[in-house]
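J.: Before I ask anything, here is the structure I am working with.
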Amino acid sequence: MIKKIFLLLMVVLPLSMAAQFGMGKWVTHSRYAIASAQNIVDAGDNVYYLVCNNLYRFNKTTKQQEVLNQSNSLNGLLATGLYYNPDKGVVFVTYDDSNIDIIKSDGSVVNVPDLKNAILYQSKTINDISFAPGKAYVATNFGYLVIDDSSLKVTAQKYLNVPIASVAEIGDMLIVSDIYNAICYGKLNRNYESLGDFIVQTGFPYGKMVPLNNNTFLLGQNDALTRYTITPNQGDTVTFTGTTIEANGPDNIQKTNNGFIANFTAKKYYYTIDGNGNATKVMGGNEMYSCYPKGDGTMWSIGDKGLHSSSNISTYYMPNSISISNAPWWMVYSKPLHKLYLNSTTDNGILGINGVYQMNTYDGSTWINANPTGCSGQGWYSANLAPGDSTDTYYISGRLEGVYKITNNKVVTKWTTSNAPFIARKPALAFDSKGNLWAVHTSAQAANTTPVKVLPKEKLNLPQSSYTTADWITFNVDNVAEYNTFKGSVMAISKMSDIKAVNNGDYGFSVVFWENNSDVTDGIVKRQKSYRSFTRKDGSVFTWTNIFAMTADNKDNMCLGAIEGLIFLDASKVFDDNFTVYQPKELNGITVYCVAIDSLNRKWVGTNGSGIFLLSEDCSTVLNHFTTDNSPLLTNVIYNLCCNTDNNSVFIVTPIGVQQYFSDYTPAAENYNNVFAFPNPVRPNFTGLITISGLMDNSTVIIKDSKGNVVKQLTSTGGLATWDGCDSTGERLPTGSYQVYASQNASVIPNKPFTKIMIIK
């Protein structure tokens, strides 16, 4: 069967940030990674391609591309298949919920929800769609449907009670391939209501069938591409004779202007096949190809650089999307740079994968592939930012490769067992309020004699060649390394008292707290304490199996997320004899994967299966609960959350997509010292709202052009105002620099602007 792309992928939104957004709005960020390419179809005027479950459409005339989704035309969320009927010029799109959309040649969309709405005990998964004169066959896990290609309505439903891989009309025969290695066939003019109505031949490999002529077809399997010839026997039986073309499974097979093409993208080649099945292997690089069947033979392909045509191989059209191949997971937001860092993960205590080093950044309008040079090994974990650092620098730990310091997408320093008191295991990392970098190895390896260490702030910027083990100060903290694991280790440092907390993430092991002197160079632990359980405020005992999250808030509190729920504690009280914690009853027994803190010190809590909870500052009140039932949230499994305090939005990583929720309030500032516009500059492809934050409550905001003319007046809500980039008449403003003035008294406008916004039209 043609290779299937599973759900650890992304969903969709238009390339220019998708849609107008504002407070209380959702945005889904599309993803483009060629390793997860599913299909490309040259449909004449447009090229459609499905990558990471995002459906893109490129117009050959205008050279514009967009992501098609529910916000602009489609009727499904997670696109799983893309099929083209060249005779009718229509594109079929399938979804994970078994819905079907048909995109006609004029761009209009017809929805066929029959299968989605059907109530069946069997799985309704769609495995393939094939085309024959006047009809389309939809192969499913229970049988197949027939859709009339004129009315675009379902005309037959065949419940065969076995999963069907593919259906094809070949000559005067109807052939059905089921996944139990049987091929079922019979004459076209008969009515088939069950498998017993067919002639069944067992021991036949299953896959996607593509007719070549009246007695020959291609079979694309997981591990082979084979040409089969049909020879009639006496009676109604036939003999199938197979000839292997390639001992690897194709990504897809589709019609071209003079035959067929079978893509083997990961293998970096494709086959051209004529109407008799004669095949020629062509080296095509790591790309997937398509050719308009009624065209001049020009190839269009998608690859690492984007979409391009064989007629102009120097021009690529790259979508504005996340480009991480493996699962995005970790996030951190730099307020000085107004930039999000999003990176892939290796095995982390939840996902057991070994990833490569992949980093993307996002400035509010554009996703950039920021993979650093100089990395090696088996993947990495969360990036850490030094407090107040305005350079493009982050610190990140590798699975078995120590700690990297990365500046401007290049490894400038690497700490390993040779120049730091490290073992060959991932350390948990965190910066304290003074800018010292703490590293804790929680693995109980025999070589791990100094699990807790810190690199003082003044030594962060030494050249690589000068670092020695002595630059790191070690601390004797008990119970940190209790077990030989490290993948799920978590660490947090409270903002006010600098209390440190760490847990190795494994089954039932201690949460360890310690406090050191303000001068970390003395290596003295003032106080330390470890817990295998906590006492709740009501006197009951809270125990845990695995702790997945440990987050310090904007004051002196911490939140711990475990399989058993969320715990809220005051870090300054952890050494007291009567220390207690608070557990919100609404999250009792709900697995918490992550916690993020917003500008109001509220807690955004991501769970494994229960969506997102928004809690008050002290976690005593559930302010909101987002699920797939009451919001556009893609799934109720939330891997990670990250708050952007510039515009009070929250980035959300799920197994099937990265989203952004723009909350409904930003606190007012006490003055205008930190007024900030986002995004800035405003690029031509940006169609959202420009956010102006850092304002005092109920501010009058005046926007002037470079000549001093007032082009727009706004009023802030709390500390935030939004602007569509248009003047007071609704006309989009031309390229230029626009000055932002603000005042709580509309009649008194300051002489100097608080910030400027560059618009590029």
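Each chain in the structure tokens gets a letter, A, B, ..., in the order shown, and its residues are numbered from 1; ligands are numbered from 1 in order too.
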Show which residues sit within 6 Å of A:Ser177, as a VMD selection string. Count only C-alpha atoms, and ignore same-chain residues fewer than 4 positions away.

T.: chain A and resid 164 to 166 183 206

J.: Write out as a list of chain:residue names all residues of stretch 617-686 of chain A that DSSP puts in strand (DSSP E) for this structure's backbone.

T.: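 So, restricting stretch 617-686 of chain A to strand (DSSP E), we get A:Val622, A:Leu623, A:Asn624, A:His625, A:Phe626, A:Asn640, A:Leu641, A:Cys642, A:Cys643, A:Asn644, A:Ser649, A:Val650, A:Phe651, A:Ile652, A:Val653, A:Thr654, A:Gly657, A:Val658, A:Gln659, A:Gln660, A:Tyr661, A:Phe662, A:Phe676, A:Ala677, A:Phe678.
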
J.: Just how far from atom CA of A:Phe142 is atom CA of A:Asp128, in Å to one decimal?

T.: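 We find that atom CA of A:Asp128 and atom CA of A:Phe142 lie 12.5 Å from each other.
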
J.: Of the candidates A:Ile524, A:Ile368, A:Ala247, A:Val512, which shows the shortest atom-to-atom distance to A:Asn320, using only C-alpha atoms?

T.: A:Ile368

J.: Excluding A:Leu455 and any residue of its chain fewer than 6 positions from it, enumerate the residues within 9 Å of it, using only C-alpha atoms, and give them as a list of chain:residue names.

T.: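 Answer for this query is A:Asn436, A:Leu437, A:Trp438, A:Ala439, A:Asp471, A:Trp472, A:Ile473, A:Val520, A:Thr521.
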
J.: Show which residues sit within 9 Å of stretch 248-251 of chain A, as a ChimeraX atom specification. Count only C-alpha atoms, and ignore same-chain residues fewer than 6 positions away.

T.: /A:1-4,37-39,220-225,262-267,270,288

J.: Could you write those residues out with N, CA and C atoms, as a PDB file, in the first residue's frame?

T.:
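Now in selection13.pdb:
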ATOM      1  N   MET A   1       0.846  -1.199   0.000  1.00  0.00           N
ATOM      2  CA  MET A   1       0.000   0.000   0.000  1.00  0.00           C
ATOM      3  C   MET A   1       0.873   1.237   0.000  1.00  0.00           C
ATOM      4  N   ILE A   2       0.377   2.285  -0.628  1.00  0.00           N
ATOM      5  CA  ILE A   2       1.120   3.544  -0.610  1.00  0.00           C
ATOM      6  C   ILE A   2       1.365   3.944   0.824  1.00  0.00           C
ATOM      7  N   LYS A   3       2.548   4.442   1.091  1.00  0.00           N
ATOM      8  CA  LYS A   3       2.927   4.800   2.452  1.00  0.00           C
ATOM      9  C   LYS A   3       1.967   5.819   3.037  1.00  0.00           C
ATOM     10  N   LYS A   4       1.613   5.622   4.291  1.00  0.00           N
ATOM     11  CA  LYS A   4       0.689   6.542   4.960  1.00  0.00           C
ATOM     12  C   LYS A   4       1.460   7.459   5.874  1.00  0.00           C
ATOM     13  N   ALA A  37       6.117  14.861   3.219  1.00  0.00           N
ATOM     14  CA  ALA A  37       5.313  15.139   2.029  1.00  0.00           C
ATOM     15  C   ALA A  37       4.408  13.950   1.730  1.00  0.00           C
ATOM     16  N   GLN A  38       3.144  14.228   1.405  1.00  0.00           N
ATOM     17  CA  GLN A  38       2.185  13.165   1.148  1.00  0.00           C
ATOM     18  C   GLN A  38       1.793  13.062  -0.330  1.00  0.00           C
ATOM     19  N   ASN A  39       1.653  14.212  -0.991  1.00  0.00           N
ATOM     20  CA  ASN A  39       1.324  14.146  -2.417  1.00  0.00           C
ATOM     21  C   ASN A  39       1.455  15.533  -3.027  1.00  0.00           C
ATOM     22  N   GLY A 220       1.234  -0.500  -6.090  1.00  0.00           N
ATOM     23  CA  GLY A 220       2.162   0.156  -5.177  1.00  0.00           C
ATOM     24  C   GLY A 220       1.966  -0.372  -3.776  1.00  0.00           C
ATOM     25  N   GLN A 221       2.970  -1.079  -3.265  1.00  0.00           N
ATOM     26  CA  GLN A 221       2.903  -1.652  -1.922  1.00  0.00           C
ATOM     27  C   GLN A 221       3.816  -0.862  -0.986  1.00  0.00           C
ATOM     28  N   ASN A 222       3.817  -1.275   0.271  1.00  0.00           N
ATOM     29  CA  ASN A 222       4.736  -0.648   1.220  1.00  0.00           C
ATOM     30  C   ASN A 222       6.190  -0.914   0.867  1.00  0.00           C
ATOM     31  N   ASP A 223       6.454  -2.057   0.252  1.00  0.00           N
ATOM     32  CA  ASP A 223       7.846  -2.447   0.022  1.00  0.00           C
ATOM     33  C   ASP A 223       8.161  -2.806  -1.424  1.00  0.00           C
ATOM     34  N   ALA A 224       7.298  -2.445  -2.363  1.00  0.00           N
ATOM     35  CA  ALA A 224       7.586  -2.788  -3.762  1.00  0.00           C
ATOM     36  C   ALA A 224       6.651  -2.036  -4.698  1.00  0.00           C
ATOM     37  N   LEU A 225       7.113  -1.861  -5.918  1.00  0.00           N
ATOM     38  CA  LEU A 225       6.285  -1.395  -7.031  1.00  0.00           C
ATOM     39  C   LEU A 225       6.309  -2.501  -8.076  1.00  0.00           C
ATOM     40  N   ALA A 262       5.960   7.407 -10.672  1.00  0.00           N
ATOM     41  CA  ALA A 262       5.930   6.853  -9.314  1.00  0.00           C
ATOM     42  C   ALA A 262       7.055   7.508  -8.525  1.00  0.00           C
ATOM     43  N   ASN A 263       6.697   8.195  -7.457  1.00  0.00           N
ATOM     44  CA  ASN A 263       7.672   8.931  -6.656  1.00  0.00           C
ATOM     45  C   ASN A 263       8.244   8.078  -5.531  1.00  0.00           C
ATOM     46  N   PHE A 264       9.556   8.169  -5.363  1.00  0.00           N
ATOM     47  CA  PHE A 264      10.267   7.558  -4.238  1.00  0.00           C
ATOM     48  C   PHE A 264      11.094   8.676  -3.592  1.00  0.00           C
ATOM     49  N   THR A 265      10.416   9.568  -2.887  1.00  0.00           N
ATOM     50  CA  THR A 265      11.033  10.820  -2.460  1.00  0.00           C
ATOM     51  C   THR A 265      12.234  10.603  -1.565  1.00  0.00           C
ATOM     52  N   ALA A 266      12.080   9.778  -0.535  1.00  0.00           N
ATOM     53  CA  ALA A 266      13.189   9.560   0.401  1.00  0.00           C
ATOM     54  C   ALA A 266      14.376   8.887  -0.274  1.00  0.00           C
ATOM     55  N   LYS A 267      14.117   8.137  -1.341  1.00  0.00           N
ATOM     56  CA  LYS A 267      15.183   7.459  -2.079  1.00  0.00           C
ATOM     57  C   LYS A 267      15.830   8.373  -3.128  1.00  0.00           C
ATOM     58  N   TYR A 270      12.615   8.866  -9.016  1.00  0.00           N
ATOM     59  CA  TYR A 270      11.261   8.506  -9.407  1.00  0.00           C
ATOM     60  C   TYR A 270      11.340   7.643 -10.654  1.00  0.00           C
ATOM     61  N   MET A 288       9.437  15.457  -4.638  1.00  0.00           N
ATOM     62  CA  MET A 288       8.272  14.713  -5.109  1.00  0.00           C
ATOM     63  C   MET A 288       7.705  15.450  -6.323  1.00  0.00           C
TER      64      MET A 288
END

J.: Nearest residue to A:Tyr317 out of A:Asn59, A:Thr272, A:Asn360, A:Asn408, using only C-alpha atoms?

T.: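 Distance minimum relative to A:Tyr317 lands on A:Asn59.
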
J.: Counting only C-alpha atoms, figure out which residue out of A:Asn252, A:Thr635, A:Thr722, A:Asn709 gets nearest to A:Phe676.

T.: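 For A:Phe676, the nearest of the given residues is A:Thr722.
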
J.: For atom CA of A:Tyr362 and atom CA of A:Ile322, quote the distance in Å rounded to one decimal.

T.: 8.9 Å

J.: Find the distance between atom CA of A:Thr485 and atom CA of A:Gly374 and write it in Å to one decimal.

T.: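 Computed distance, atom CA of A:Thr485 to atom CA of A:Gly374, equals 26.6 Å.
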
J.: Check the DSSP output for the backbone and give back, as JSON, numbers by chain, the residues of stretch 543-623 of chain A in helix (DSSP H, G or I).

T.: {"A": [571, 572, 573, 585, 586, 587]}

J.: Extract, using only C-alpha atoms, all DNA, RNA and protein residues at most 7 Å from A:Asp363, discarding same-chain residues fewer than 2 positions from it, and format them as a tab-separated table (two decimals) with all heavy atoms, in the first residue's frame.

T.:
chain	number	residue	atom	x	y	z
A	338	HIS	N	11.65	39.86	20.90
A	338	HIS	CA	10.29	39.68	20.40
A	338	HIS	C	10.25	38.48	19.44
A	338	HIS	O	9.73	38.56	18.33
A	338	HIS	CB	9.78	40.95	19.71
A	338	HIS	CG	10.03	42.19	20.51
A	338	HIS	ND1	9.44	42.43	21.72
A	338	HIS	CD2	10.85	43.25	20.28
A	338	HIS	CE1	9.86	43.59	22.20
A	338	HIS	NE2	10.73	44.10	21.35
A	339	LYS	N	10.79	37.38	19.91
A	339	LYS	CA	10.98	36.22	19.04
A	339	LYS	C	10.68	34.94	19.81
A	339	LYS	O	11.08	34.78	20.96
A	339	LYS	CB	12.42	36.19	18.52
A	339	LYS	CG	12.76	34.99	17.65
A	339	LYS	CD	14.25	34.91	17.36
A	339	LYS	CE	14.73	36.05	16.49
A	339	LYS	NZ	16.14	35.86	16.08
A	340	LEU	N	9.99	34.02	19.12
A	340	LEU	CA	9.75	32.69	19.66
A	340	LEU	C	10.79	31.73	19.10
A	340	LEU	O	11.09	31.73	17.91
A	340	LEU	CB	8.36	32.19	19.26
A	340	LEU	CG	8.02	30.77	19.73
A	340	LEU	CD1	7.63	30.77	21.20
A	340	LEU	CD2	6.90	30.16	18.88
A	361	THR	N	12.46	29.91	14.30
A	361	THR	CA	12.12	31.11	15.06
A	361	THR	C	10.95	31.80	14.37
A	361	THR	O	10.70	31.62	13.18
A	361	THR	CB	13.31	32.09	15.15
A	361	THR	OG1	13.71	32.49	13.83
A	361	THR	CG2	14.48	31.45	15.87
A	365	SER	N	5.36	37.29	12.26
A	365	SER	CA	4.82	37.20	10.90
A	365	SER	C	5.54	36.16	10.05
A	365	SER	O	4.94	35.60	9.14
A	365	SER	CB	4.90	38.56	10.20
A	365	SER	OG	6.24	38.99	10.08
A	366	THR	N	6.80	35.87	10.34
A	366	THR	CA	7.58	35.00	9.47
A	366	THR	C	8.27	33.90	10.27
A	366	THR	O	8.93	34.17	11.27
A	366	THR	CB	8.66	35.80	8.71
A	366	THR	OG1	8.03	36.87	8.00
A	366	THR	CG2	9.41	34.91	7.73
A	679	PRO	N	3.60	42.76	14.74
A	679	PRO	CA	4.99	42.64	14.30
A	679	PRO	C	5.53	43.98	13.80
A	679	PRO	O	4.77	44.88	13.50
A	679	PRO	CB	4.89	41.65	13.14
A	679	PRO	CG	3.52	41.87	12.59
A	679	PRO	CD	2.65	42.20	13.77

J.: Residues within 12 Å of A:Gly398, please, as a ChimeraX atom specification. Count only C-alpha atoms; anything in the same chain fewer than 2 positions from it doesn't count.

T.: /A:344-348,354-358,375-383,395-396,400-405,414-416,423-429,486-487

J.: Which neighbours of stretch 208-213 of chain A fall inside 6 Å, counting only C-alpha atoms, when residues of the same chain fewer than 2 positions from it are skipped, and could you give them as a list in words?

T.: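 Returned residues: Met1, Ser166, Ile170, Asn215, Thr216, Phe217, Leu218, Leu219, Gly220 and Gly275 of chain A.
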
J.: Based on the selection just made, write N, CA and C atoms of those residues as a PDB file, in the first residue's frame.

T.:
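Now in result-v6.pdb:
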ATOM      1  N   MET A   1       0.846  -1.199   0.000  1.00  0.00           N
ATOM      2  CA  MET A   1       0.000   0.000   0.000  1.00  0.00           C
ATOM      3  C   MET A   1       0.873   1.237   0.000  1.00  0.00           C
ATOM      4  N   SER A 166      -7.602  -0.767  -2.084  1.00  0.00           N
ATOM      5  CA  SER A 166      -7.767  -0.062  -3.356  1.00  0.00           C
ATOM      6  C   SER A 166      -8.823  -0.767  -4.190  1.00  0.00           C
ATOM      7  N   ILE A 170     -10.217  -2.387 -14.477  1.00  0.00           N
ATOM      8  CA  ILE A 170      -9.147  -2.712 -15.418  1.00  0.00           C
ATOM      9  C   ILE A 170      -9.759  -3.537 -16.541  1.00  0.00           C
ATOM     10  N   ASN A 215      -5.346  -4.731 -19.660  1.00  0.00           N
ATOM     11  CA  ASN A 215      -4.941  -5.986 -19.015  1.00  0.00           C
ATOM     12  C   ASN A 215      -3.689  -5.846 -18.152  1.00  0.00           C
ATOM     13  N   THR A 216      -3.323  -4.606 -17.822  1.00  0.00           N
ATOM     14  CA  THR A 216      -2.107  -4.393 -17.026  1.00  0.00           C
ATOM     15  C   THR A 216      -2.375  -3.300 -15.997  1.00  0.00           C
ATOM     16  N   PHE A 217      -1.823  -3.498 -14.802  1.00  0.00           N
ATOM     17  CA  PHE A 217      -1.929  -2.462 -13.777  1.00  0.00           C
ATOM     18  C   PHE A 217      -0.675  -2.443 -12.918  1.00  0.00           C
ATOM     19  N   LEU A 218      -0.454  -1.308 -12.283  1.00  0.00           N
ATOM     20  CA  LEU A 218       0.620  -1.167 -11.311  1.00  0.00           C
ATOM     21  C   LEU A 218       0.068  -1.405  -9.923  1.00  0.00           C
ATOM     22  N   LEU A 219       0.884  -1.996  -9.053  1.00  0.00           N
ATOM     23  CA  LEU A 219       0.520  -2.183  -7.651  1.00  0.00           C
ATOM     24  C   LEU A 219       1.606  -1.552  -6.790  1.00  0.00           C
ATOM     25  N   GLY A 220       1.234  -0.500  -6.090  1.00  0.00           N
ATOM     26  CA  GLY A 220       2.162   0.156  -5.177  1.00  0.00           C
ATOM     27  C   GLY A 220       1.966  -0.372  -3.776  1.00  0.00           C
ATOM     28  N   GLY A 275       2.484   3.349 -21.059  1.00  0.00           N
ATOM     29  CA  GLY A 275       1.213   2.651 -20.982  1.00  0.00           C
ATOM     30  C   GLY A 275       1.311   1.147 -20.988  1.00  0.00           C
TER      31      GLY A 275
END

J.: Please report as CSV every residue of stretch 512-550 of chain A lying within 8 Å of stretch 570-583 of chain A, along with the nearest atom pair and their distance in Å (one decimal), using only C-alpha atoms.

T.:
residue,atom,partner,partner_atom,distance
A:Phe513,CA,A:Val574,CA,7.4
A:Arg527,CA,A:Phe575,CA,7.5
A:Gln528,CA,A:Phe575,CA,7.3
A:Lys529,CA,A:Phe575,CA,6.5
A:Phe534,CA,A:Val581,CA,6.7
A:Thr535,CA,A:Thr580,CA,5.1
A:Arg536,CA,A:Val581,CA,4.8
A:Lys537,CA,A:Thr580,CA,5.4

J.: Name the closest residue to A:Ser699 among the candidates A:Asn745, A:Gln659, A:Thr621, A:Asn504; distances are taken between atoms, counting only C-alpha atoms.

T.: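 Among the listed residues, the smallest separation from A:Ser699 belongs to A:Asn745.
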